[in-house]
Amino acid sequence: MKIYVPRDAAALGVGADQTAEGIVAEARRRGIAIELIRNGSRGLLWLEPLVEVDVGGTRMAYGPVQAQDVAGLFDADFASGKPHALSHGATAEVPYLKKQERLTFARVGITDPRSLEDYKEHGGYRGLAAALTQKPADIVASVTASGLRGRGGAAFPAGIKWKTVLSTPGAQKYIVCNADEGDSGTYSDRMLMEGDPFVLIEGMTIAGLATGATQGYIYLRWEYPQAKTALEAAIAAAATAGFLGQNIQGSGKAFELEVRMGAGAYICGEETSLLESLEGKRGQVRFKPPLPAIEGLWGKPTVINNVITFASVPIILDRGAEFYQHFGMGRSRGTLPMQLAGNIKQGGLVEIAFGMTLRELLYDFGGGSFSGRPIRAVQVGGPLGAYHPESQFDTPLDYEAFAAIKGMLGHGGIVAFDDSVDMAAQARYAMEFCAIESCGKCTPCRIGSTRGVEVIDRLIAGENSAQQEAILRDLCETLTYGSLCALGGLTPYPVISALNHFPQDFVKPSRASSAAG
Ligand SMILES: Cc1cc2nc3c(=O)[nH]c(=O)nc-3n(C[C@H](O)[C@H](O)[C@H](O)COP(=O)(O)O)c2cc1C
Ligand code: SF4
């Protein structure tokens with residue numbers, strides 16, 4: 001009898017360890033032999049801890065299962081997939097999962113993240129096998145043809161970056177994975193690293209083969225201890241099996257990989273600050289050029305990509321660029337793992353081809369707000385993303401469509417707010433976030449964000465509002481055009497979108513009525 005209980009941090013946070021211990025103890029008490037597998041999360045976060053039982057090859061879902069529910073599940077004979085108040089039928093048939101198009105997350109929640117054998121049985125390392133038969137330029141050409149764009153936020157074509165590193169001479173080149181995942185409401189990197197670490201390792205190894213880089217680093221945020229454990233176990237298993245090391249699968253090609261922990265700063269997710277931090281320095285943005293692809297880590301040609309970007313590569317090499325290219329719309333090809341968070345009924349991970357609308361995501365998947373009140377605003381793309389009002393909910397999830405409404409998809413984080421939200425407070429929060437997280441290298445961001453908070457405070461207090469609003473807009477323009485990096489450059493997105501779409505929140509009712517009186 002196989003029982004699956006996630007070891008994912010989100011599941012642990014709601015008692016998955018206690019549930020797992022309860023299952024083991026109850027099975028022992030009843031003399032039932034079980035095999036307990038600690039899998040990744042399926043991404044149905046509102047059902048965590050989600051327990052699955054294998055019934056004749058079909059996995060049946062029960063959730064959320066707390067330790068105190070375990071005896072009742074055994075009484076109801078859940079081992080045979082029998083109904084129970086917590087049962088959801090076959091996991092694969094749960095609509096939230098069934099409607100998804102999981103390419104990058106194909107194995108997450110399904111396999112045992114600690115088992116290389118399980119990974120290979122589910123199609124793992126087929127991409128690397130294909131890459132080992134190809135010339136570096138052909139691997140790069142496949143990634144370019146797939147249309148894969150960076151999933152960390154800027155959506156730069158991965159193949160073009162790889163081509164630059166391939167064509168830049170260098171005795172030593174590096175592959176760096178950006179696993180800093182600092183955006184609010186995002187967790188796809190973490191879920192992937194905890195649930196299927198081998199796919200990231202495989203993707204980075206392919207990047208090494210494609211560009212001639214022999215050393216890789218995963219720069220992991222320190223808040224992800226479970227991901228660290230999962231990655232280190234997987235790296236050790238891959239090395240033992242000859243998938244990492246000096247002679248990958250007898251090819252004579254080398255690729256070594258290490259995990260390095262960040263110290264906890266949003267700016268260390270910005271690629272040049274990340275490199276500084278990896279080199280042991282304070283995380284501060286570098287001037288560009290030179291691009292990291294030409295002079296990156298320790299001045300050497302370096303590919304830096306996000307976790308999801310690398311993890312999308314194995315399937316491209318395995319199934320072909322055309323297969324991947326077939327998903328999506330416009331210049332946004334493939335799938336994006338969207339992460340639903342905030343005031344939402346069914347929060348979780350939704351991997352789907354680009355093109356679905358924000359409304360479909362919020363209501364067909366998310367089920368509307370958690371509070372049951374109308375969703376009033378949605379911040380898409382992390383703390384630097386715009387706040388979108390209901391009138392923009394029919395925008396398709398596509399990089400260009402969001403850019404056209406002065407927003408961005410970023411890393412796919414979606415944070416929903418109901419009609420009790422105060423958007424002036426949100427605007428202030430966005431500006432304050434910039435002030436707190438600024439690396440201090442350039443004046444518009446370092447000084448401008450602090451002055452910006454003061455201006456918003458005066459605006460909200462009703463002190464000469466028209467003038468304060470004009471100053472705020474002017475300041476935001478300076479931040480947009482004068483900042484060295486996107487922290488200062490994009491902070492105006494949430495601030496100005498709040499001001500433009502929700503101007504009434506910047507005029508407090510008491511002031512409005514006293515002004516009218
Ligand atoms: C302030 C700031 C924070 C960032 N944080 C992250 C992050 O946490 N993870 C990430 O992958 N990219 C982050 N980025 C984007 C990176 O600079 C870079 O574009 C990315 O690592 C490139 O990989 P990709 O092309 O695969 O997206 C951040 C950028 C800025 C300006
Ligand atoms: S915009 Fe802010 S975070 Fe970026 S370089 Fe300037 S001071 Fe640093």
# chains A, B, ... in the order shown; residues from 1 in each chain; ligands from 1
$ residues_around --residues "range 64-73 of chain A" --least-positions-apart "5" --cutoff "12 Å" --atoms "only C-alpha atoms" --output "number ranges by chain"
A: 4-6, 11-30, 44-53, 78-88
$ write_last_selection --atoms "C-alpha atoms" --output "PDB file, in the first residue's frame"
ATOM      1  CA  TYR A   4       2.024   9.874  -0.496  1.00  0.00           C
ATOM      2  CA  VAL A   5       2.367  12.808   1.920  1.00  0.00           C
ATOM      3  CA  PRO A   6       4.163  15.917   0.600  1.00  0.00           C
ATOM      4  CA  ALA A  11       2.531  21.286   3.248  1.00  0.00           C
ATOM      5  CA  LEU A  12       4.922  21.151   6.209  1.00  0.00           C
ATOM      6  CA  GLY A  13       3.644  24.553   7.264  1.00  0.00           C
ATOM      7  CA  VAL A  14       0.148  23.121   7.748  1.00  0.00           C
ATOM      8  CA  GLY A  15       1.168  19.927   9.511  1.00  0.00           C
ATOM      9  CA  ALA A  16       2.272  17.411   6.833  1.00  0.00           C
ATOM     10  CA  ASP A  17       4.949  15.897   9.094  1.00  0.00           C
ATOM     11  CA  GLN A  18       2.430  15.257  11.855  1.00  0.00           C
ATOM     12  CA  THR A  19       0.029  13.759   9.293  1.00  0.00           C
ATOM     13  CA  ALA A  20       2.765  11.474   7.960  1.00  0.00           C
ATOM     14  CA  GLU A  21       3.754  10.393  11.475  1.00  0.00           C
ATOM     15  CA  GLY A  22       0.075   9.769  12.281  1.00  0.00           C
ATOM     16  CA  ILE A  23      -0.314   7.560   9.202  1.00  0.00           C
ATOM     17  CA  VAL A  24       2.757   5.494  10.056  1.00  0.00           C
ATOM     18  CA  ALA A  25       1.653   5.051  13.692  1.00  0.00           C
ATOM     19  CA  GLU A  26      -1.942   4.169  12.779  1.00  0.00           C
ATOM     20  CA  ALA A  27      -0.846   1.652  10.149  1.00  0.00           C
ATOM     21  CA  ARG A  28       1.482   0.024  12.679  1.00  0.00           C
ATOM     22  CA  ARG A  29      -1.266  -0.100  15.295  1.00  0.00           C
ATOM     23  CA  ARG A  30      -3.586  -1.828  12.817  1.00  0.00           C
ATOM     24  CA  LEU A  44      -3.446  22.459  -4.656  1.00  0.00           C
ATOM     25  CA  LEU A  45      -2.396  24.497  -1.657  1.00  0.00           C
ATOM     26  CA  TRP A  46      -5.815  24.862  -0.063  1.00  0.00           C
ATOM     27  CA  LEU A  47      -5.982  21.054   0.209  1.00  0.00           C
ATOM     28  CA  GLU A  48      -2.603  20.623   1.923  1.00  0.00           C
ATOM     29  CA  PRO A  49      -1.659  18.362   3.545  1.00  0.00           C
ATOM     30  CA  LEU A  50      -2.930  16.425   0.522  1.00  0.00           C
ATOM     31  CA  VAL A  51      -2.604  12.704   1.132  1.00  0.00           C
ATOM     32  CA  GLU A  52      -2.735  10.336  -1.827  1.00  0.00           C
ATOM     33  CA  VAL A  53      -3.236   6.601  -1.869  1.00  0.00           C
ATOM     34  CA  PHE A  78      -9.136   4.954   2.338  1.00  0.00           C
ATOM     35  CA  ALA A  79      -6.454   2.445   1.369  1.00  0.00           C
ATOM     36  CA  SER A  80      -8.994   1.028  -1.096  1.00  0.00           C
ATOM     37  CA  GLY A  81      -9.937   4.519  -2.264  1.00  0.00           C
ATOM     38  CA  LYS A  82     -13.260   4.436  -0.394  1.00  0.00           C
ATOM     39  CA  PRO A  83     -15.186   7.703   0.056  1.00  0.00           C
ATOM     40  CA  HIS A  84     -14.642   9.952   3.054  1.00  0.00           C
ATOM     41  CA  ALA A  85     -15.601  13.535   3.815  1.00  0.00           C
ATOM     42  CA  LEU A  86     -12.054  14.571   2.819  1.00  0.00           C
ATOM     43  CA  SER A  87     -11.927  12.582  -0.425  1.00  0.00           C
ATOM     44  CA  HIS A  88     -11.622  14.307  -3.811  1.00  0.00           C
TER      45      HIS A  88
END
$ residues_near_ligand --ligand "ligand 1" --cutoff "9 Å" --atoms "only C-alpha atoms and all ligand atoms" --output "number ranges by chain"
A: 149-158, 161, 176-183, 189, 221, 266-274, 285, 303-310, 384, 410-411, 434, 437-438, 485-490
$ select_by_dssp --residues "range 8-203 of chain A" --states "strand (DSSP E or B)" --output "count of residues only"
26
$ closest_residue --among "A:Leu409, A:Leu336, A:Gly242, A:Arg282" --to "ligand 2" --atoms "only C-alpha atoms and all ligand atoms"
A:Arg282
$ closest_residue --among "A:Thr91, A:Gly440, A:Ala106, A:Ile460" --to "ligand 2" --atoms "only C-alpha atoms and all ligand atoms"
A:Gly440
$ atom_distance --atom1 "CA of Val350 in chain A" --atom2 "CA of Tyr399 in chain A"
16.8 Å
